[in-house]
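S.K.: Encoded as structure tokens, here's the structure I'll be asking about.
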Amino acid sequence: MRKRMADTATAEGEDLSNDRQFVTALQRGLDILRAFRPADLDGLSNREIAERTGLPNSTISRLTYTLLKLGYLTYADGTGRYKVGLPALSLGYACLGGMKIREAALPHMQELADTCGDGVLVAMGGRDEHAMTYLAVARSSRAMISLQLNVGSRISLARSAMGRAYIAGCAAEERARIMAMIEDRTDPANWPQLRDGIDEAVEQVATRGFYANLGEWQYDVNAIAVPYRSPHGDTPMLAFNLGGPSYMLPGERLLEEFGPRLVEMKAKIARTGV
């Protein structure tokens, strides 16, 4: 059997039409599952799934029927909408359970959250196409207020502190591919400002070890972030962030106090060897 590469993520825009090993039907089925978001409390109709995936309605109907029969989707006759079924949850937990970095990082994340205090959320995330997905979250044990984000939450790759730190940590070739993907999805009028913000993140990570995003992702949220590349090839690149409401986390404190602590936490996790 042909040896699989450790990094199997497909580059955005890669032409797979001539790859005989690639199963397009499987890709489309997974695209349907990825179309669902935590905020879709009422589920999605076939039309809405088609809009999010770009797949033809006839294809959507066959694939949702198959996923329904396998339990990966559920269907409400009264609304004509689908929701993600329980078998999909087992895939997520299998992913988390197989990440040694998560188990190693959580105690350090919790220690940092407790040290920094109320309002602080510390998270670890990985890239999922054009978004970052939270894989682990820690809040201060005495927190009264913090960002309402949890494991599975998805935030912007291009605008968030975590996303920009991730991009900053990529090798030049991968960063160029990601930037091309973001540009393709961005209004040309907004691209220069967005590009400059990402370039600034690359510069900050290179010079001081972390990136500070003060209100650029959401006007009332301040955050800092660092990229993390495991020494093991079977672990994808990740990023850690620390953030909270801007009125509780002023920029000066993030830059002078919390930024160095986040860099120190990253170093502690790296010393665990995962």
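Ligands are numbered from 1 in the order shown, residues from 1 within each chain, and chains are lettered A, B, ... in the order they appear in the structure tokens.
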Within 7 Å of segment 24-35 of chain A, counting only C-alpha atoms, which residues show up once you throw out same-chain ones fewer than 2 positions away? Write them as a PDB file with N, CA and C atoms, in the first residue's frame, please.
M.R.:
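Written output follows (part32.pdb):
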```pdb
ATOM      1  N   PHE A  22      -8.712   9.910  -4.959  1.00  0.00           N
ATOM      2  CA  PHE A  22      -9.597  10.863  -4.289  1.00  0.00           C
ATOM      3  C   PHE A  22     -11.061  10.544  -4.609  1.00  0.00           C
ATOM      4  N   ARG A  37     -23.311  24.843  11.650  1.00  0.00           N
ATOM      5  CA  ARG A  37     -22.637  25.685  12.630  1.00  0.00           C
ATOM      6  C   ARG A  37     -23.377  25.604  13.960  1.00  0.00           C
ATOM      7  N   ILE A  49     -28.278  24.256   2.735  1.00  0.00           N
ATOM      8  CA  ILE A  49     -27.043  23.475   2.621  1.00  0.00           C
ATOM      9  C   ILE A  49     -26.414  23.697   1.250  1.00  0.00           C
ATOM     10  N   ARG A  52     -24.578  26.981   1.131  1.00  0.00           N
ATOM     11  CA  ARG A  52     -23.315  27.011   1.874  1.00  0.00           C
ATOM     12  C   ARG A  52     -22.219  26.171   1.225  1.00  0.00           C
ATOM     13  N   THR A  53     -22.611  25.117   0.554  1.00  0.00           N
ATOM     14  CA  THR A  53     -21.612  24.220  -0.026  1.00  0.00           C
ATOM     15  C   THR A  53     -21.353  24.482  -1.505  1.00  0.00           C
ATOM     16  N   LEU A  63     -27.210  13.087  -0.978  1.00  0.00           N
ATOM     17  CA  LEU A  63     -26.244  12.972   0.109  1.00  0.00           C
ATOM     18  C   LEU A  63     -26.899  13.131   1.478  1.00  0.00           C
TER      19      LEU A  63
END
```
S.K.: Go through segment 205-231 of chain A and flag each residue having an atom no more than 6 Å from segment 155-163 of chain A; for those, report the closest pair of atoms plus their distance in Å to one decimal, using only C-alpha atoms, ordered by chain and rising number, as JSON lines.
M.R.:
```
{"residue": "A:Asn213", "atom": "CA", "partner": "A:Ala161", "partner_atom": "CA", "distance": 5.3}
{"residue": "A:Trp217", "atom": "CA", "partner": "A:Ser160", "partner_atom": "CA", "distance": 4.9}
{"residue": "A:Ile224", "atom": "CA", "partner": "A:Ala161", "partner_atom": "CA", "distance": 5.8}
{"residue": "A:Ala225", "atom": "CA", "partner": "A:Met162", "partner_atom": "CA", "distance": 5.2}
```
S.K.: Contacts of segment 89-94 of chain A at 10 Å or less, counting only C-alpha atoms, minus same-chain residues fewer than 4 places along, as JSON, numbers by chain?
M.R.: {"A": [72, 84, 85, 98, 99, 135, 152]}
S.K.: Filtering to N, CA and C atoms, could you give me those residues as a PDB file, in the first residue's frame?
M.R.:
```
ATOM      1  N   TYR A  72     -25.922  10.266  10.600  1.00  0.00           N
ATOM      2  CA  TYR A  72     -25.103  11.474  10.733  1.00  0.00           C
ATOM      3  C   TYR A  72     -25.931  12.749  10.613  1.00  0.00           C
ATOM      4  N   VAL A  84     -27.362  17.860  12.749  1.00  0.00           N
ATOM      5  CA  VAL A  84     -26.282  16.873  12.839  1.00  0.00           C
ATOM      6  C   VAL A  84     -26.639  15.816  13.872  1.00  0.00           C
ATOM      7  N   GLY A  85     -26.445  14.547  13.522  1.00  0.00           N
ATOM      8  CA  GLY A  85     -26.787  13.443  14.414  1.00  0.00           C
ATOM      9  C   GLY A  85     -25.642  13.071  15.347  1.00  0.00           C
ATOM     10  N   GLY A  98      -7.419  11.829  20.425  1.00  0.00           N
ATOM     11  CA  GLY A  98      -6.159  11.442  19.820  1.00  0.00           C
ATOM     12  C   GLY A  98      -5.103  12.532  19.834  1.00  0.00           C
ATOM     13  N   MET A  99      -5.421  13.695  20.423  1.00  0.00           N
ATOM     14  CA  MET A  99      -4.475  14.814  20.454  1.00  0.00           C
ATOM     15  C   MET A  99      -3.807  14.897  21.823  1.00  0.00           C
ATOM     16  N   LEU A 135     -10.134  23.882  20.151  1.00  0.00           N
ATOM     17  CA  LEU A 135      -9.939  22.489  20.551  1.00  0.00           C
ATOM     18  C   LEU A 135      -9.856  22.331  22.058  1.00  0.00           C
ATOM     19  N   GLY A 152     -15.138  23.609  19.895  1.00  0.00           N
ATOM     20  CA  GLY A 152     -15.978  23.516  18.702  1.00  0.00           C
ATOM     21  C   GLY A 152     -16.339  24.851  18.107  1.00  0.00           C
TER      22      GLY A 152
END
```
S.K.: Would you pick out the contacts of Tyr228 of chain A at 10 Å or less, using only C-alpha atoms, so that residues sharing its chain but fewer than 2 positions from it are not included, and give the list as a list of chain:residue names?
M.R.: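 After dropping sequence-adjacent residues, the list is A:Met124, A:Gly125, A:Gly126, A:Ala165, A:Tyr166, A:Gly169, A:Cys170, A:Ala225, A:Val226, A:Ser230, A:Pro231, A:Pro236, A:Met237, A:Leu238, A:Ala239, A:Phe240, A:Lys266, A:Ala267, A:Ile269, A:Ala270.
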S.K.: Would you mind exporting all heavy atoms of the selected residues as a tab-separated table (two decimals), in the first residue's frame?
M.R.:
```
chain	number	residue	atom	x	y	z
A	124	MET	N	-6.96	27.00	22.75
A	124	MET	CA	-6.08	26.38	21.76
A	124	MET	C	-6.93	26.04	20.55
A	124	MET	O	-8.05	25.52	20.69
A	124	MET	CB	-5.45	25.10	22.31
A	124	MET	CG	-4.55	24.37	21.33
A	124	MET	SD	-3.88	22.81	22.01
A	124	MET	CE	-5.33	21.74	21.89
A	125	GLY	N	-6.44	26.35	19.36
A	125	GLY	CA	-7.23	26.09	18.18
A	125	GLY	C	-6.40	25.65	16.99
A	125	GLY	O	-5.18	25.83	16.96
A	126	GLY	N	-7.07	25.05	16.02
A	126	GLY	CA	-6.44	24.62	14.78
A	126	GLY	C	-7.23	25.11	13.60
A	126	GLY	O	-8.41	25.46	13.71
A	165	ALA	N	-2.18	34.75	14.15
A	165	ALA	CA	-0.98	34.13	14.72
A	165	ALA	C	-0.68	32.81	14.02
A	165	ALA	O	0.48	32.48	13.76
A	165	ALA	CB	-1.16	33.92	16.22
A	166	TYR	N	-1.73	32.06	13.72
A	166	TYR	CA	-1.54	30.81	12.98
A	166	TYR	C	-0.86	31.09	11.64
A	166	TYR	O	0.11	30.41	11.27
A	166	TYR	CB	-2.89	30.13	12.76
A	166	TYR	CG	-2.81	28.85	11.96
A	166	TYR	CD1	-2.74	27.61	12.58
A	166	TYR	CD2	-2.81	28.88	10.56
A	166	TYR	CE1	-2.65	26.44	11.85
A	166	TYR	CE2	-2.73	27.72	9.81
A	166	TYR	CZ	-2.65	26.50	10.45
A	166	TYR	OH	-2.55	25.35	9.72
A	169	GLY	N	2.74	31.81	11.87
A	169	GLY	CA	3.58	30.66	12.18
A	169	GLY	C	3.81	29.72	11.01
A	169	GLY	O	4.63	28.80	11.10
A	170	CYS	N	3.09	29.93	9.91
A	170	CYS	CA	3.22	29.05	8.75
A	170	CYS	C	4.52	29.33	7.99
A	170	CYS	O	5.05	30.43	7.99
A	170	CYS	CB	2.04	29.27	7.79
A	170	CYS	SG	0.45	28.72	8.41
A	225	ALA	N	-2.18	36.31	20.79
A	225	ALA	CA	-2.08	34.92	20.34
A	225	ALA	C	-0.66	34.59	19.91
A	225	ALA	O	0.12	35.47	19.53
A	225	ALA	CB	-3.05	34.67	19.18
A	226	VAL	N	-0.35	33.28	19.98
A	226	VAL	CA	0.96	32.77	19.54
A	226	VAL	C	0.74	31.52	18.71
A	226	VAL	O	-0.17	30.73	18.98
A	226	VAL	CB	1.87	32.43	20.75
A	226	VAL	CG1	2.24	33.67	21.53
A	226	VAL	CG2	1.21	31.39	21.66
A	230	SER	N	4.17	21.68	16.85
A	230	SER	CA	4.64	20.53	17.61
A	230	SER	C	5.88	19.93	16.96
A	230	SER	O	6.01	19.94	15.72
A	230	SER	CB	3.55	19.47	17.71
A	230	SER	OG	4.06	18.25	18.20
A	231	PRO	N	6.78	19.38	17.75
A	231	PRO	CA	7.95	18.71	17.16
A	231	PRO	C	7.58	17.41	16.47
A	231	PRO	O	8.41	16.83	15.76
A	231	PRO	CB	8.85	18.44	18.38
A	231	PRO	CG	7.92	18.41	19.55
A	231	PRO	CD	6.86	19.42	19.23
A	236	PRO	N	-0.95	18.64	13.77
A	236	PRO	CA	-1.01	19.84	12.93
A	236	PRO	C	-0.58	21.08	13.70
A	236	PRO	O	-0.57	21.08	14.93
A	236	PRO	CB	-2.49	19.92	12.55
A	236	PRO	CG	-3.21	19.23	13.67
A	236	PRO	CD	-2.29	18.12	14.09
A	237	MET	N	-0.22	22.12	12.97
A	237	MET	CA	0.13	23.36	13.62
A	237	MET	C	-1.09	23.94	14.31
A	237	MET	O	-2.21	23.84	13.80
A	237	MET	CB	0.70	24.38	12.64
A	237	MET	CG	1.47	25.49	13.34
A	237	MET	SD	2.22	26.65	12.21
A	237	MET	CE	0.80	27.69	11.86
A	238	LEU	N	-0.87	24.56	15.46
A	238	LEU	CA	-1.95	25.10	16.28
A	238	LEU	C	-1.64	26.54	16.65
A	238	LEU	O	-0.60	27.08	16.27
A	238	LEU	CB	-2.12	24.25	17.55
A	238	LEU	CG	-2.35	22.76	17.35
A	238	LEU	CD1	-2.19	22.01	18.67
A	238	LEU	CD2	-3.73	22.50	16.77
A	239	ALA	N	-2.53	27.15	17.40
A	239	ALA	CA	-2.29	28.48	17.94
A	239	ALA	C	-3.00	28.59	19.28
A	239	ALA	O	-4.04	27.95	19.51
A	239	ALA	CB	-2.79	29.56	16.99
A	240	PHE	N	-2.41	29.38	20.18
A	240	PHE	CA	-3.01	29.67	21.49
A	240	PHE	C	-3.37	31.15	21.53
A	240	PHE	O	-2.63	31.99	21.02
A	240	PHE	CB	-2.03	29.36	22.63
A	240	PHE	CG	-1.72	27.90	22.78
A	240	PHE	CD1	-0.60	27.35	22.17
A	240	PHE	CD2	-2.53	27.07	23.55
A	240	PHE	CE1	-0.29	26.01	22.32
A	240	PHE	CE2	-2.23	25.72	23.70
A	240	PHE	CZ	-1.11	25.19	23.09
A	266	LYS	N	3.54	28.93	26.23
A	266	LYS	CA	3.89	28.17	25.02
A	266	LYS	C	5.20	27.41	25.21
A	266	LYS	O	5.32	26.25	24.82
A	266	LYS	CB	3.98	29.13	23.84
A	266	LYS	CG	4.54	28.51	22.58
A	266	LYS	CD	4.71	29.56	21.48
A	266	LYS	CE	5.49	29.00	20.30
A	266	LYS	NZ	5.65	30.00	19.22
A	267	ALA	N	6.17	28.07	25.83
A	267	ALA	CA	7.47	27.42	26.06
A	267	ALA	C	7.33	26.24	27.02
A	267	ALA	O	7.97	25.20	26.81
A	267	ALA	CB	8.46	28.45	26.62
A	269	ILE	N	4.70	24.34	27.40
A	269	ILE	CA	4.05	23.25	26.67
A	269	ILE	C	5.04	22.59	25.73
A	269	ILE	O	5.07	21.35	25.60
A	269	ILE	CB	2.82	23.79	25.90
A	269	ILE	CG1	1.76	24.28	26.89
A	269	ILE	CG2	2.24	22.71	24.99
A	269	ILE	CD1	0.62	25.02	26.25
A	270	ALA	N	5.88	23.40	25.09
A	270	ALA	CA	6.88	22.84	24.17
A	270	ALA	C	7.84	21.91	24.91
A	270	ALA	O	8.29	20.90	24.35
A	270	ALA	CB	7.65	23.97	23.50
```
S.K.: With distances taken over only C-alpha atoms, which of A:Cys95, A:Ile182, A:Ala104, A:Ala131 is nearest to Leu194 of chain A?
M.R.: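 So, comparing all the options, the nearest one is A:Ile182.
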S.K.: Compile the contact shell of Leu41 of chain A as JSON, numbers by chain: residues with an atom at most 12 Å away, counting only C-alpha atoms, same-chain residues fewer than 3 positions apart removed.
M.R.: {"A": [36, 37, 38, 44, 81, 82, 83, 84]}
S.K.: Using only C-alpha atoms, find the one residue out of A:Met248, A:Ala39, A:Leu242, A:Ile178 that sits nearest to Gly119 of chain A.
M.R.: A:Met248
S.K.: Residues near Leu149 of chain A, anyone? I mean within 9 Å using only C-alpha atoms, not counting same-chain ones fewer than 5 positions away, as a ChimeraX atom specification.
M.R.: /A:121,134,137,154
S.K.: Mind the document's chain letters and residue numbers, and return as a PyMOL selection string the residues of segment 48-215 of chain A that DSSP labels helix (DSSP H, G or I).
M.R.: chain A and resi 48-53+57-69+86-97+100-116+161-169+172-184+191-208
S.K.: List the neighbours of Tyr219 of chain A out to 10 Å using only C-alpha atoms; skip same-chain residues closer than 5 positions along the sequence, and give me the result as a list in words.
M.R.: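 Selected residues are Leu214, Pro245 and Ser246 of chain A.
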